[in-house]
Structures are given as C-alpha cells and as structure tokens.
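Note: the block below is coords-v7.cif and it holds mmCIF, C-alpha atoms.
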data_protein
loop_
_atom_site.label_atom_id
_atom_site.label_comp_id
_atom_site.auth_asym_id
_atom_site.auth_seq_id
_atom_site.Cartn_x
_atom_site.Cartn_y
_atom_site.Cartn_z
CA MET A 348 67.10 -7.41 -20.84
CA ASP A 349 68.28 -4.57 -18.59
CA HIS A 350 65.05 -2.71 -17.86
CA SER A 351 66.66 -0.14 -15.57
CA ARG A 352 67.68 1.99 -18.56
CA PHE A 353 64.00 2.68 -19.30
CA ILE A 354 63.08 4.01 -15.84
CA GLY A 355 62.43 7.74 -16.05
CA LEU A 356 61.82 7.65 -19.79
CA SER A 357 59.10 10.18 -20.67
CA GLY A 358 56.82 10.94 -23.55
CA PRO A 359 55.90 14.50 -24.53
CA PRO A 360 53.19 16.51 -22.71
CA PHE A 361 49.64 16.29 -24.08
CA ASP A 362 46.37 18.08 -23.39
CA PHE A 363 43.62 16.40 -21.41
CA PRO A 364 40.34 18.35 -21.66
CA VAL A 365 37.64 17.32 -19.18
CA GLU A 366 34.68 17.36 -21.53
CA LEU A 367 31.02 17.40 -20.48
CA GLY A 368 29.81 14.87 -23.06
CA LYS A 369 32.61 12.40 -22.35
CA GLN A 370 32.13 12.83 -18.61
CA ARG A 371 28.40 12.03 -18.81
CA GLU A 372 29.02 9.08 -21.14
CA PHE A 373 31.73 7.65 -18.89
CA ALA A 374 29.73 8.07 -15.68
CA ALA A 375 26.66 6.49 -17.27
CA ALA A 376 28.72 3.47 -18.42
CA LEU A 377 29.55 2.94 -14.73
CA HIS A 378 25.93 3.45 -13.64
CA ALA A 379 27.00 6.62 -11.81
CA PHE A 380 23.97 8.88 -12.17
CA GLN A 381 24.69 11.08 -9.13
CA PRO A 382 23.92 14.78 -9.83
CA GLU A 383 27.49 15.92 -9.08
CA PHE A 384 28.68 14.06 -12.21
CA HIS A 385 25.94 15.23 -14.57
CA ASP A 386 24.21 18.44 -13.50
CA GLY A 387 25.20 21.92 -14.60
CA PRO A 388 27.91 23.02 -17.03
CA THR A 389 30.88 22.14 -14.76
CA PRO A 390 30.15 18.96 -12.76
CA LEU A 391 32.93 17.28 -10.81
CA MET A 392 35.04 14.81 -12.77
CA PHE A 393 34.37 11.14 -12.08
CA PRO A 394 37.58 9.99 -10.31
CA THR A 395 38.62 7.27 -12.77
CA LEU A 396 37.89 9.30 -15.93
CA PRO A 397 41.64 9.96 -16.54
CA ILE A 398 41.94 6.30 -17.58
CA ILE A 399 40.79 7.48 -21.01
CA ALA A 400 43.53 10.10 -21.43
CA GLY A 401 46.15 7.84 -23.00
CA TYR A 402 43.66 6.13 -25.29
CA ILE A 403 41.92 9.21 -26.69
CA TRP A 404 44.09 12.32 -26.29
CA GLY A 405 47.61 11.11 -25.61
CA TYR A 406 49.58 7.87 -25.44
CA MET A 407 50.26 5.07 -23.00
CA LEU A 408 52.52 2.06 -22.49
CA GLU A 409 50.60 -0.21 -24.86
CA GLU A 410 49.93 2.59 -27.37
CA PRO A 411 53.11 4.71 -27.38
CA ARG A 412 52.12 6.52 -30.60
CA CYS A 413 55.48 7.67 -31.95
CA THR A 414 56.89 8.70 -28.56
CA PRO A 415 60.13 7.60 -26.85
CA LEU A 416 58.03 4.98 -25.01
CA GLU A 417 58.15 2.89 -28.19
CA ALA A 418 61.61 1.82 -27.02
CA LEU A 419 59.95 -0.51 -24.50
CA GLY A 420 58.48 -2.58 -27.35
CA MET A 421 55.12 -3.00 -25.62
CA ALA A 422 52.78 -2.22 -28.51
CA ASP A 423 52.51 -5.86 -29.61
CA ALA A 424 52.99 -7.52 -26.23
CA MET A 425 50.13 -9.15 -24.37
CA SER A 426 49.84 -7.03 -21.25
CA LEU A 427 47.29 -7.41 -18.47
CA ASP A 428 46.02 -4.73 -16.11
CA GLY A 429 47.64 -5.18 -12.70
CA GLU A 430 46.83 -2.04 -10.72
CA GLN A 431 45.49 1.47 -11.27
CA GLU A 432 45.87 4.30 -8.76
CA PHE A 433 44.57 7.89 -8.79
CA THR A 434 45.79 10.46 -6.26
CA PHE A 435 44.20 13.93 -6.15
CA HIS A 436 46.12 17.02 -5.06
CA GLY A 437 44.03 19.92 -3.78
CA GLN A 438 40.92 20.97 -5.66
CA LYS A 439 39.16 18.29 -7.70
CA PRO A 440 39.12 18.61 -11.49
CA ARG A 441 35.82 19.68 -13.05
CA VAL A 442 34.30 19.59 -16.47
CA GLY A 443 35.74 22.52 -18.41
CA ASP A 444 39.21 22.14 -16.94
CA ARG A 445 42.06 21.63 -19.39
CA LEU A 446 44.94 19.74 -17.87
CA VAL A 447 48.36 18.97 -19.33
CA ALA A 448 49.52 15.40 -18.82
CA GLN A 449 52.87 13.67 -19.20
CA THR A 450 53.60 9.95 -18.85
CA SER A 451 56.87 8.42 -17.69
CA VAL A 452 58.20 4.99 -16.73
CA ASP A 453 58.13 4.86 -12.94
CA ASP A 454 59.46 1.34 -12.34
CA ILE A 455 59.96 -2.07 -13.96
CA TRP A 456 60.43 -5.34 -12.09
CA ILE A 457 60.20 -9.09 -12.64
CA LYS A 458 58.80 -11.76 -10.33
CA GLN A 459 57.78 -15.38 -10.47
CA GLY A 460 54.08 -15.99 -10.96
CA ARG A 461 52.12 -18.02 -8.42
CA ARG A 462 51.13 -20.46 -11.17
CA GLY A 463 54.61 -20.59 -12.67
CA GLY A 464 56.21 -18.51 -15.37
CA LYS A 465 57.88 -15.12 -15.25
CA LEU A 466 55.86 -11.92 -14.88
CA THR A 467 57.23 -8.52 -15.91
CA PHE A 468 55.62 -5.50 -14.25
CA TYR A 469 55.67 -2.04 -15.83
CA ARG A 470 54.50 0.86 -13.63
CA MET A 471 53.80 4.09 -15.48
CA ARG A 472 53.24 7.49 -13.89
CA CYS A 473 51.13 10.19 -15.49
CA ASP A 474 51.05 13.66 -13.89
CA PHE A 475 48.17 16.00 -14.73
CA ARG A 476 48.93 19.71 -14.17
CA ASP A 477 47.29 23.07 -14.55
CA PRO A 478 48.73 24.37 -17.85
CA GLU A 479 49.16 27.93 -16.57
CA THR A 480 50.44 27.46 -13.01
CA GLN A 481 51.95 23.96 -13.46
CA THR A 482 50.20 23.00 -10.21
CA LEU A 483 49.94 19.24 -9.86
CA ARG A 484 46.24 18.27 -9.82
CA LEU A 485 46.30 14.49 -10.23
CA THR A 486 48.77 11.62 -10.35
CA HIS A 487 47.83 8.38 -12.08
CA PHE A 488 49.87 5.21 -11.67
CA ALA A 489 49.13 2.33 -14.07
CA THR A 490 50.77 -1.06 -13.59
CA SER A 491 50.73 -3.51 -16.49
CA VAL A 492 51.77 -7.17 -16.26
CA VAL A 493 53.29 -9.10 -19.15
CA PRO A 494 53.24 -12.87 -18.57
CA GLU A 495 55.38 -15.40 -20.39
CA ASP A 496 52.22 -17.30 -21.31
CA VAL A 497 48.46 -16.75 -21.20
CA PRO A 498 47.41 -17.04 -17.54
CA ASP A 499 45.85 -20.43 -16.85
CA GLU A 500 42.93 -19.01 -14.90
CA THR A 501 39.98 -20.03 -17.04
CA PRO A 502 37.45 -22.05 -15.04
CA ALA A 503 35.36 -24.61 -16.86
CA ALA A 504 32.29 -22.43 -16.42
CA ALA A 505 33.90 -19.71 -18.52
CA ALA A 506 33.65 -21.84 -21.64
CA ALA A 507 29.89 -22.11 -21.31
CA ALA A 508 27.89 -19.53 -23.26
CA SER A 509 26.13 -17.02 -21.02
CA THR A 510 22.57 -16.05 -21.85
CA ALA A 511 22.75 -12.84 -19.81
CA TYR A 512 22.09 -9.60 -21.68
CA LEU A 513 21.28 -5.98 -20.90
CA PRO A 514 17.79 -5.08 -22.17
CA TYR A 515 17.53 -2.02 -24.39
CA ARG A 516 17.42 1.23 -22.38
CA GLU A 517 17.54 -0.58 -19.05
CA GLU A 518 19.23 1.60 -16.44
CA ARG A 519 20.97 -0.11 -13.57
CA LEU A 520 20.28 2.08 -10.56
CA GLN A 521 21.55 -0.20 -7.81
CA PHE A 522 24.34 2.18 -6.77
CA MET A 523 21.89 5.06 -6.52
CA ALA A 524 20.31 3.28 -3.53
CA LEU A 525 23.43 3.84 -1.41
CA PRO A 526 22.67 6.09 1.59
CA ARG A 527 24.71 9.30 1.18
CA ARG A 528 26.65 10.51 4.20
CA SER A 529 29.54 12.83 4.94
CA PRO A 530 33.02 11.39 5.54
CA ALA A 531 33.07 13.36 8.81
CA GLY A 532 32.53 11.17 11.85
CA LEU A 533 33.22 7.86 10.15
CA GLN A 534 34.20 4.98 12.42
CA VAL A 535 36.10 1.79 11.71
CA GLY A 536 33.63 -0.83 10.52
CA ASP A 537 31.16 1.62 8.99
CA THR A 538 29.70 0.29 5.74
CA PRO A 539 26.56 0.79 3.66
CA GLY A 540 26.46 -2.95 2.91
CA PRO A 541 26.92 -4.81 -0.37
CA ILE A 542 25.46 -3.93 -3.75
CA ALA A 543 24.55 -6.97 -5.84
CA MET A 544 24.58 -6.46 -9.60
CA PRO A 545 22.91 -8.48 -12.37
CA PRO A 546 25.03 -10.91 -14.43
CA HIS A 547 27.92 -9.36 -16.35
CA THR A 548 27.00 -8.84 -20.02
CA LEU A 549 28.76 -8.17 -23.29
CA THR A 550 26.98 -4.80 -23.45
CA ASP A 551 28.67 -3.80 -20.16
CA CYS A 552 32.05 -4.45 -21.78
CA VAL A 553 31.30 -2.85 -25.13
CA ARG A 554 29.76 0.27 -23.62
CA TYR A 555 32.75 0.79 -21.34
CA GLN A 556 35.25 0.15 -24.13
CA ILE A 557 33.55 2.60 -26.48
CA THR A 558 33.59 5.43 -23.96
CA THR A 559 37.21 4.82 -22.92
CA GLY A 560 38.72 4.21 -26.34
CA SER A 561 40.07 0.84 -25.13
CA TYR A 562 39.36 -1.54 -27.98
CA GLY A 563 41.11 -4.75 -26.94
CA ALA A 564 39.20 -7.28 -29.05
CA GLY A 565 39.39 -10.06 -26.45
CA HIS A 566 36.86 -8.14 -24.37
CA HIS A 567 34.11 -8.29 -27.00
CA ASP A 568 35.08 -10.72 -29.75
CA VAL A 569 34.99 -14.46 -29.01
CA ASN A 570 37.27 -15.30 -31.96
CA ALA A 571 39.88 -12.76 -30.82
CA ALA A 572 39.70 -14.06 -27.25
CA ARG A 573 40.22 -17.64 -28.44
CA ALA A 574 43.17 -16.55 -30.57
CA GLU A 575 44.71 -15.14 -27.38
CA GLY A 576 44.15 -18.44 -25.55
CA PHE A 577 40.93 -17.64 -23.69
CA PRO A 578 37.71 -19.67 -24.09
CA THR A 579 35.50 -16.62 -24.68
CA TRP A 580 35.43 -12.84 -24.19
CA PHE A 581 36.40 -11.60 -20.74
CA GLY A 582 35.60 -8.53 -18.68
CA VAL A 583 37.46 -5.20 -18.51
CA GLY A 584 39.14 -4.86 -15.13
CA MET A 585 38.71 -1.10 -14.95
CA TYR A 586 34.96 -1.44 -15.46
CA HIS A 587 34.70 -3.29 -12.15
CA ALA A 588 37.20 -0.92 -10.53
CA GLY A 589 35.01 1.96 -11.70
CA LEU A 590 31.99 0.33 -10.08
CA LEU A 591 33.91 0.04 -6.80
CA CYS A 592 34.81 3.73 -7.10
CA ASN A 593 31.14 4.49 -7.78
CA TYR A 594 30.30 2.53 -4.61
CA ALA A 595 32.71 4.66 -2.54
CA VAL A 596 31.72 8.08 -3.90
CA GLY A 597 28.05 7.15 -4.06
CA TRP A 598 28.23 6.58 -0.31
CA LEU A 599 30.61 9.35 0.81
CA GLY A 600 30.53 11.86 -2.07
CA VAL A 601 33.41 12.68 -4.38
CA ALA A 602 34.63 15.93 -2.78
CA GLY A 603 36.54 14.24 0.03
CA LEU A 604 38.18 11.51 -2.06
CA ARG A 605 41.96 11.83 -2.02
CA ARG A 606 43.11 8.48 -3.42
CA PHE A 607 41.59 5.48 -5.17
CA LYS A 608 43.58 2.36 -5.99
CA ALA A 609 42.41 -0.89 -7.62
CA ARG A 610 44.14 -4.24 -8.00
CA PHE A 611 42.93 -6.91 -10.42
CA GLN A 612 43.07 -10.42 -9.00
CA ASP A 613 40.97 -12.58 -11.30
CA VAL A 614 39.41 -12.54 -14.76
CA THR A 615 35.69 -11.79 -15.03
CA TRP A 616 33.58 -13.82 -17.42
CA PRO A 617 30.22 -13.60 -19.22
CA GLY A 618 27.39 -14.01 -16.75
CA ASP A 619 29.52 -13.44 -13.63
CA VAL A 620 27.30 -12.25 -10.77
CA LEU A 621 29.32 -9.90 -8.59
CA ALA A 622 28.72 -8.09 -5.32
CA TYR A 623 30.44 -4.77 -4.63
CA GLN A 624 31.14 -3.83 -1.03
CA GLY A 625 33.44 -1.87 1.22
CA ALA A 626 33.99 -0.64 4.76
CA VAL A 627 36.12 1.77 6.77
CA THR A 628 39.19 -0.13 7.96
CA GLY A 629 41.26 2.65 9.47
CA LEU A 630 41.39 6.29 10.58
CA GLU A 631 44.57 8.37 10.48
CA ASP A 632 45.43 11.98 11.16
CA GLY A 633 45.86 14.12 8.06
CA PRO A 634 46.74 17.80 7.45
CA ASP A 635 43.05 18.77 7.29
CA GLY A 636 41.61 16.29 9.75
CA PRO A 637 41.12 12.54 9.94
CA ILE A 638 41.68 10.42 6.85
CA ALA A 639 39.25 7.52 6.54
CA ARG A 640 40.70 4.50 4.77
CA LEU A 641 38.31 2.16 2.99
CA GLU A 642 38.86 -1.33 1.65
CA LEU A 643 36.56 -2.43 -1.15
CA GLN A 644 36.11 -5.59 -3.18
CA ALA A 645 34.11 -7.13 -5.98
CA THR A 646 33.37 -10.79 -5.30
CA ARG A 647 31.66 -13.74 -6.94
CA ALA A 648 29.00 -15.72 -5.08
CA ASP A 649 31.62 -18.34 -4.18
CA GLY A 650 33.67 -15.68 -2.38
CA THR A 651 36.34 -15.25 -5.06
CA VAL A 652 37.61 -11.66 -5.04
CA VAL A 653 38.05 -10.49 -8.63
CA THR A 654 38.92 -6.85 -7.89
CA ARG A 655 40.21 -5.29 -4.69
CA ALA A 656 40.38 -1.54 -4.09
CA TRP A 657 41.32 1.06 -1.50
CA ALA A 658 40.05 4.62 -1.07
CA ASP A 659 41.13 7.47 1.20
CA PHE A 660 38.66 10.18 2.19
CA ASP A 661 39.60 13.49 3.81
CA SER A 662 36.88 14.37 6.34
CA GLY A 663 38.34 17.85 6.85
CA ASN A 664 38.74 20.10 3.82
CA THR A 665 36.64 18.45 1.11
CA ALA A 666 36.87 21.23 -1.50
#
What would you get if you wrote out this structure as structure tokens?
Amino acid sequence: MDHSRFIGLSGPPFDFPVELGKQREFAAALHAFQPEFHDGPTPLMFPTLPIIAGYIWGYMLEEPRCTPLEALGMADAMSLDGEQEFTFHGQKPRVGDRLVAQTSVDDIWIKQGRRGGKLTFYRMRCDFRDPETQTLRLTHFATSVVPEDVPDETPAAAAAASTAYLPYREERLQFMALPRRSPAGLQVGDTPGPIAMPPHTLTDCVRYQITTGSYGAGHHDVNAARAEGFPTWFGVGMYHAGLLCNYAVGWLGVAGLRRFKARFQDVTWPGDVLAYQGAVTGLEDGPDGPIARLELQATRADGTVVTRAWADFDSGNTA
C-alpha cells in the first residue's frame, strides 16, 4: 500500500476543555498529588493530560469517529503505543482553558522488527490552539506501531498469576517524597535518585483507563488479552510514562517543562516491580536561558528498561 497519500490528512477541529474534575482524577491516577495540579480553581494542567483528548472529546488514529482518518483503516487493527511527545509553546495550559485541537497524519513508515516481521509506524500530530487568537499552545505527537503478528515478548513469568493488589483507599505517595528544586543552576549528573514503586496491579491499569477513556480490553480482561495472543492482561504504556513525567515535574516543578517524550520498549505485566529514575544529561543555550535535558527510565529489578523518556526544562522564563 502507498501510505504517502495519507500524509497530511486531517480530521476536523474539536474542543478540548481543561476541566478541574478530570484534571484531579487524572493526576491522582498517576499519584501526582502536588498542589499545583489540585489547589485552587485554575491549577496547572498535568503535562500528559492531553492524551485523553482523542478518546473523550475528539478522535484519534485508532478511533477516527467518522472523520477522514477512517481512510487509514486503523479502527480494527492491532496497534501498539510506540512513542508519545508533548511540546509546550509559551504559557502552560491551566484548568479553565478551552483549547481547539486538530489531528493530522504527520508521517508513515515501515521497518523490519528486531524479532522479525514488518512493523508499520503511524505518527500523528495534534495541535492545540487558543480558539480566539489561534496561538499554538501545545503540540502532541503520537506514534502507533502495527506489527504483522503479536509481538513475541511474553516472558514465562508473565503467565503466572500475580497476587499483587492495591488496598482500598491506599494512596501511593512515593513521588511526593522527591525534593523540589528549581531548574535554575542544574548541572549534568544532577538527580534526586530512584523512586521504587510497589508491584503493578490491575487497579493501576483500570483506574488509568477509566480516567483516560482508553478501554482496550487487553489491559484489564484476561480473556481479551488471551484472544489477542497474550498470556494475561498487560500494562498501559502511558501510565508508566505519566509516572516518569510525575517524577520530572515532582522534582523540578511543571512551570519550566518545555517538552516531554516517552518511548515504550517492553510490555509491563501483573506484579512488575519498577523503579523510576532520571538525571540531567545535558545543558544547552535556549532563548530564555539554559535548557536542561533529562533522560528518564522505568526499569525492572533485572535492569530491563520498559519505558524511556526525555524532558526539557527551561531554567529562564518558567511562566
């Protein structure tokens, strides 16, 4: 198939209201209880919240919803999350803002998978603008991967039933222990150290799926997962990416964040015990002062990296 004819294809604009209730629900699902995401009538938007836009208010590659994007034929395809990237332009969105979003096909390419088989990559671009001035506030790139077959990545341990669960009303406050500091004066190598989380539970998945509107059954239904070729339910990649984002903004605050990008490298399974960590790996000159570049990762105890991420912080103008 000639995919080049789809590049540039757009769906119609749609409203994206940054709502207080949804913001608090989303941040809580990621154990992000910092005051800037919850307090007052107009808290700052959690950086990965726009992931919900296509599911709840608009459309996306896998759910084109009667838009021209249906021409790609992705609604019934088995797509996997490859990468997600959020770039902020100027002032950060807040609760109460109403943005207008529009999604288009940015690129499509094919490559050979490391384990064999062909992989087709679809990168979508969604621009979020001020509805009155048309000022660009946020750009979201989402890369989906469609394999020829179900990825053969399931370790033997994944088939074993996990006994891990999240007790009723238990709050996981591990990220709240991060020492807050300003991005100003960061040096290469600076890090607050790793955050170790309890075993991954079905409640983690379900809670995140409910708040995002992402209802892929393989993430919470063992029978559905087995029908798709997996031994049991498997984790939501953006949940772990959100925790890495929480790690970064819990340490350095959200005001200076200019870009957050996550790449999904391995499937997460029931009972996985992951550590979240990151460090400053570079400093570059930017228009408002130095840009600190962070590399972050979520890893298993055996050192396997399941999610890798990058974040850029502006230590000059952090409005």
task = Go through the shown structure with the PyMOL selection byres ((chain A and resi 597) around 9) and write out the matching residues as a count of residues only.
result = 17
request  = To verify the selection step, state as a list in words which residues the PyMOL selection byres ((chain A and resi 559-571) around 7) yields on this input.
outcome  = Ile399, Tyr402, Ile403, Leu549, Cys552, Val553, Tyr555, Gln556, Ile557, Thr558, Ala572, Arg573, Ala574, Glu575, Thr579, Trp580, Phe581, Gly582 and Val583 of chain A
ask   = Which residue out of A:Pro514, A:Gly576, A:Gly443, A:Gly429 has the minimum interatomic distance to Ser491 (chain A) when all atoms listed in the file are used?
value =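 Nearest candidate to Ser491 (chain A) out of A:Pro514, A:Gly576, A:Gly443, A:Gly429: A:Gly429.
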ask   = Which one is closest to Met407 (chain A): A:Pro440, A:Pro530, A:Pro388, A:Pro359? Count all atoms listed in the file.
value =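 Distance minimum relative to Met407 (chain A) lands on A:Pro359.
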Given the file above and the PyMOL selection byres ((chain A and resi 608) around 7), which residues are selected, and can you give them as a compact mmCIF listing (two decimals) with C-alpha atoms, keeping the file's coordinate frame?
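Once everything was written out, this is result.txt:
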# COMPACT_ATOMS: atom_id res chain seq x y z
CA GLN A 431 45.49 1.47 -11.27
CA GLU A 432 45.87 4.30 -8.76
CA PHE A 433 44.57 7.89 -8.79
CA ARG A 606 43.11 8.48 -3.42
CA PHE A 607 41.59 5.48 -5.17
CA ALA A 609 42.41 -0.89 -7.62
CA ARG A 610 44.14 -4.24 -8.00
CA ALA A 656 40.38 -1.54 -4.09
CA TRP A 657 41.32 1.06 -1.50
CA ALA A 658 40.05 4.62 -1.07
request  = Excluding Phe475 (chain A) and residues on its chain fewer than 4 positions from it, collect all residues at most 12 Å away from it, counting only C-alpha atoms, and give them as an MDAnalysis selection string.
outcome  = chainID A and resid 360:365 397:398 400:401 405 433:436 439:440 444:451 480:488
Computed interatomic separation between CA of Ile455 (chain A) and CA of Thr467 (chain A) (Å) =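 Between these atoms lies a distance of 7.3 Å.
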Neighbours of Ala374 (chain A) within 10 Å (only C-alpha atoms; same-chain residues fewer than 4 positions away dropped), as a CSV table (one decimal) with C-alpha atoms, keeping the file's coordinate frame?
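out-v5.csv, written as the output of this step:
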chain,number,residue,atom,x,y,z
A,369,LYS,CA,32.6,12.4,-22.4
A,370,GLN,CA,32.1,12.8,-18.6
A,378,HIS,CA,25.9,3.4,-13.6
A,379,ALA,CA,27.0,6.6,-11.8
A,380,PHE,CA,24.0,8.9,-12.2
A,381,GLN,CA,24.7,11.1,-9.1
A,384,PHE,CA,28.7,14.1,-12.2
A,385,HIS,CA,25.9,15.2,-14.6
A,392,MET,CA,35.0,14.8,-12.8
A,393,PHE,CA,34.4,11.1,-12.1
A,394,PRO,CA,37.6,10.0,-10.3
A,395,THR,CA,38.6,7.3,-12.8
A,396,LEU,CA,37.9,9.3,-15.9
A,555,TYR,CA,32.8,0.8,-21.3
A,558,THR,CA,33.6,5.4,-24.0
A,589,GLY,CA,35.0,2.0,-11.7
A,590,LEU,CA,32.0,0.3,-10.1
A,593,ASN,CA,31.1,4.5,-7.8
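The two atoms in question, CA of Ser509 (chain A) and CA of Asp551 (chain A), are spaced 13.5 Å apart.
CA of Gln521 (chain A) is positioned 21.1 Å from CA of Leu604 (chain A).
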request  = Between A:Leu419, A:Gln612, A:Gly437, A:Thr538, single out the one closest to Arg476 (chain A), counting only C-alpha atoms.
outcome  =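 Closest residue, counting only C-alpha atoms: A:Gly437.
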ask   = Residues at most 7 Å from Pro637 (chain A), counting only C-alpha atoms, excluding those fewer than 6 positions away in the same chain, as JSON, numbers by chain?
value = {"A": [630, 631, 661, 662, 663]}
request  = Please write as an NGL selection string the list of polymer residues whose atoms come within 10 Å of (58.2, -8.8, -13.8), counting only C-alpha atoms and keeping to the coordinates of the file.
outcome  = :A and (455-460 or 465-469 or 491-495)
ask   = Which is closest to Tyr586 (chain A) among A:Tyr515, A:Phe660, A:Phe373, A:Trp404, if we use all atoms listed in the file?
value =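 The closest residue to Tyr586 (chain A) is A:Phe373.
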key: Nearby residues (all atoms listed in the file) at most 7 Å from Thr414 (chain A), same-chain spacing under 3 positions excluded, as a VMD selection string   = chain A and resid 358 411 417
Exercise: Gly625 (chain A) partners within 7 Å, all atoms listed in the file, chain neighbours under 2 positions left out, as a PyMOL selection string = chain A and resi 538+641-644
